[in-house]
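A.B. asks: Here it is, the structure in full.
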Amino acid sequence: MDFDWEELTPAQRARHYADWHAGKGLIGGDPRRRPNSEILPSWAMDRRFVRALALDDPRVVNGERFRKGIASARPLEIEIGFGRGDFLQDRSTRIPERLFVGFEVRTKAVRLALRRLENQGLENLWLSDDDARVGLQLAIPERRVDAVHVLFPDPWWKAQHKVRRLFSPPFVDLLASKVQPGGYLHLKTDVEQYGELVRHLLSGHPVFCDHNPELADRVGPYRPTHREHWCLENGMPVWSFYFSRRDEV
């Protein structure tokens, strides 16, 4: 199946922003319109789990502990769509001095990963089942993030599902507001055209530099995701992209 994208006309770009402000495309719907979204589920209480709209839930200490960590001077890395959590948990183990936040919309996967991080005793990792387009906006301060990892995002092949694709002009604006100067975005995909779409959006934004393969050194050693491992085992190509945020913008 071909991955369909094209350079945006002004009208198409305006449509992206209109859909964004209307909350369209969010996985699971817009939580800001969901009843009881300000309350954490019982299974999440007093664990390393957050939802942006429930940071002030008075029954638990999750939000208070999360905000204290975010307010610290520890470098912060984000993974969006962590799946099984292999990359994220390995990285938080390798670099204990850093703070990590992982977003994954599949609550079942989040609960499994939460159990694994507790078994490993990881104290520098927080998980959320927020759509990152909401979680980043509401829970992460401006220019706080050192690195964002997006590994094998869902292509959403069908035309009617394009609105669900993570990367769009307003999402790149969001990244620009949250990534600190000198920080970077790390993308991996097995859909070359998706990578080219992201490159088009990032390199065309005033605060991001074009793809620079040398930034791979900043990621360093890592444990491949389940998807990357499958691709390597089956001889399928993987494309990697790295975009730094300009210091002066």
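Each chain of the structure tokens is named A, B, ... in the order shown, its residues numbered from 1; ligands are numbered from 1 in display order.
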List the neighbours of stretch 140-150 of chain A out to 10 Å using only C-alpha atoms; skip same-chain residues closer than 6 positions along the sequence, and give me the result as an MDAnalysis selection string.

C.D. replies: chainID A and resid 52 67 70:71 73:82 87:88 98:102 134 166 174:189 218:219 241:245

A.B. asks: Can you list, as a PyMOL selection string, every protein, DNA or RNA residue that comes within 10 Å of A:Ala44 when you count only C-alpha atoms, leaving out same-chain residues fewer than 5 positions away?

C.D. replies: chain A and resi 49-51+60+62+111+114

A.B. asks: Run DSSP on the backbone and give me the residues of stretch 6-159 of chain A it puts in strand (DSSP E), as a PyMOL selection string.

C.D. replies: chain A and resi 76-80+99-103+125-128+145-151

A.B. asks: Once you have the residues from the selection above, write them out as a PDB file, in the first residue's frame, restricted to N, CA and C atoms.

C.D. replies:
ATOM      1  N   LEU A  76      15.430  15.842  30.294  1.00  0.00           N
ATOM      2  CA  LEU A  76      14.171  15.136  30.066  1.00  0.00           C
ATOM      3  C   LEU A  76      14.106  14.601  28.642  1.00  0.00           C
ATOM      4  N   GLU A  77      13.759  13.315  28.524  1.00  0.00           N
ATOM      5  CA  GLU A  77      13.523  12.706  27.225  1.00  0.00           C
ATOM      6  C   GLU A  77      12.101  12.149  27.176  1.00  0.00           C
ATOM      7  N   ILE A  78      11.504  12.235  26.003  1.00  0.00           N
ATOM      8  CA  ILE A  78      10.133  11.787  25.767  1.00  0.00           C
ATOM      9  C   ILE A  78      10.149  10.710  24.692  1.00  0.00           C
ATOM     10  N   GLU A  79       9.384   9.630  24.910  1.00  0.00           N
ATOM     11  CA  GLU A  79       9.108   8.723  23.803  1.00  0.00           C
ATOM     12  C   GLU A  79       7.608   8.723  23.550  1.00  0.00           C
ATOM     13  N   ILE A  80       7.237   8.880  22.287  1.00  0.00           N
ATOM     14  CA  ILE A  80       5.826   8.896  21.892  1.00  0.00           C
ATOM     15  C   ILE A  80       5.508   7.590  21.188  1.00  0.00           C
ATOM     16  N   LEU A  99      15.621  11.993  33.214  1.00  0.00           N
ATOM     17  CA  LEU A  99      14.210  11.731  33.464  1.00  0.00           C
ATOM     18  C   LEU A  99      13.552  11.381  32.138  1.00  0.00           C
ATOM     19  N   PHE A 100      12.633  10.403  32.164  1.00  0.00           N
ATOM     20  CA  PHE A 100      11.965   9.940  30.954  1.00  0.00           C
ATOM     21  C   PHE A 100      10.457   9.929  31.157  1.00  0.00           C
ATOM     22  N   VAL A 101       9.735  10.302  30.091  1.00  0.00           N
ATOM     23  CA  VAL A 101       8.275  10.214  30.067  1.00  0.00           C
ATOM     24  C   VAL A 101       7.883   9.505  28.780  1.00  0.00           C
ATOM     25  N   GLY A 102       7.049   8.481  28.896  1.00  0.00           N
ATOM     26  CA  GLY A 102       6.592   7.742  27.737  1.00  0.00           C
ATOM     27  C   GLY A 102       5.093   7.865  27.552  1.00  0.00           C
ATOM     28  N   PHE A 103       4.671   8.156  26.324  1.00  0.00           N
ATOM     29  CA  PHE A 103       3.248   8.223  25.975  1.00  0.00           C
ATOM     30  C   PHE A 103       2.909   7.037  25.076  1.00  0.00           C
ATOM     31  N   LEU A 125      11.377   7.157  35.406  1.00  0.00           N
ATOM     32  CA  LEU A 125      10.516   6.930  34.246  1.00  0.00           C
ATOM     33  C   LEU A 125       9.056   7.053  34.635  1.00  0.00           C
ATOM     34  N   TRP A 126       8.325   7.886  33.863  1.00  0.00           N
ATOM     35  CA  TRP A 126       6.883   8.043  34.030  1.00  0.00           C
ATOM     36  C   TRP A 126       6.183   7.610  32.749  1.00  0.00           C
ATOM     37  N   LEU A 127       5.000   6.995  32.900  1.00  0.00           N
ATOM     38  CA  LEU A 127       4.218   6.525  31.760  1.00  0.00           C
ATOM     39  C   LEU A 127       2.851   7.200  31.736  1.00  0.00           C
ATOM     40  N   SER A 128       2.304   7.330  30.536  1.00  0.00           N
ATOM     41  CA  SER A 128       0.986   7.939  30.364  1.00  0.00           C
ATOM     42  C   SER A 128       0.275   7.298  29.186  1.00  0.00           C
ATOM     43  N   VAL A 145      12.247  19.893  27.061  1.00  0.00           N
ATOM     44  CA  VAL A 145      12.591  18.552  26.583  1.00  0.00           C
ATOM     45  C   VAL A 145      13.936  18.564  25.850  1.00  0.00           C
ATOM     46  N   ASP A 146      14.798  17.627  26.208  1.00  0.00           N
ATOM     47  CA  ASP A 146      16.087  17.495  25.537  1.00  0.00           C
ATOM     48  C   ASP A 146      15.985  16.635  24.280  1.00  0.00           C
ATOM     49  N   ALA A 147      15.166  15.607  24.316  1.00  0.00           N
ATOM     50  CA  ALA A 147      15.063  14.701  23.174  1.00  0.00           C
ATOM     51  C   ALA A 147      13.666  14.117  23.106  1.00  0.00           C
ATOM     52  N   VAL A 148      13.162  13.971  21.883  1.00  0.00           N
ATOM     53  CA  VAL A 148      11.891  13.291  21.626  1.00  0.00           C
ATOM     54  C   VAL A 148      12.175  12.123  20.698  1.00  0.00           C
ATOM     55  N   HIS A 149      11.741  10.935  21.076  1.00  0.00           N
ATOM     56  CA  HIS A 149      11.913   9.732  20.272  1.00  0.00           C
ATOM     57  C   HIS A 149      10.545   9.285  19.761  1.00  0.00           C
ATOM     58  N   VAL A 150      10.419   9.153  18.456  1.00  0.00           N
ATOM     59  CA  VAL A 150       9.195   8.632  17.839  1.00  0.00           C
ATOM     60  C   VAL A 150       9.634   7.466  16.967  1.00  0.00           C
ATOM     61  N   LEU A 151       9.375   6.262  17.421  1.00  0.00           N
ATOM     62  CA  LEU A 151       9.913   5.070  16.779  1.00  0.00           C
ATOM     63  C   LEU A 151       8.786   4.252  16.159  1.00  0.00           C
TER      64      LEU A 151
END

A.B. asks: Report as a list in words all protein, DNA and RNA residues lying within 12 Å of A:Arg32, evaluated on only C-alpha atoms, omitting residues in the same chain fewer than 6 positions from it.

C.D. replies: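 Selected residues are His21, Ala22, Gly23, Lys24, Leu26, Glu38, Arg51, Ala52, Leu53, Ala54, Asp130, Asp131, Val134, Gly135 and Leu138 of chain A.
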
A.B. asks: Write the residues of the preceding selection, restricted to C-alpha atoms, as a compact mmCIF listing (two decimals), in the first residue's frame.

C.D. replies:
# COMPACT_ATOMS: atom_id res chain seq x y z
CA HIS A 21 -8.10 23.04 17.45
CA ALA A 22 -11.28 20.98 17.09
CA GLY A 23 -9.57 17.98 18.71
CA LYS A 24 -9.94 15.82 15.61
CA LEU A 26 -6.84 12.25 18.75
CA GLU A 38 -9.65 14.55 35.73
CA ARG A 51 -2.67 11.76 32.75
CA ALA A 52 -2.39 15.42 31.91
CA LEU A 53 -5.97 16.22 32.91
CA ALA A 54 -5.63 14.34 36.22
CA ASP A 130 -2.52 10.23 26.93
CA ASP A 131 -2.38 10.99 23.26
CA VAL A 134 -2.62 16.44 24.59
CA GLY A 135 -0.08 15.21 27.13
CA LEU A 138 -0.76 20.22 29.15

A.B. asks: Please report, as an MDAnalysis selection string, each residue of stretch 15-246 of chain A to which DSSP assigns helix (DSSP H, G or I) when run on this structure's backbone.

C.D. replies: chainID A and resid 15:21 31:33 42:44 52:54 62:70 86:94 107:120 132:139 159:164 169:178 192:203 213:219 226:233

A.B. asks: From the options A:Asp129, A:Asp154, A:Asp4, A:Asp247, which residue's atoms come nearest to A:Pro31, counting only C-alpha atoms?

C.D. replies: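 Residue with the minimum atom-to-atom distance to A:Pro31: A:Asp129.
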
A.B. asks: So that I can see what lies close to A:Gly235, please list as a list in words the residues with an atom at most 12 Å from it, counting only C-alpha atoms and leaving out residues fewer than 6 positions away in the same chain.

C.D. replies: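 So the residues in contact are Asp190, Glu228 and His229 of chain A.
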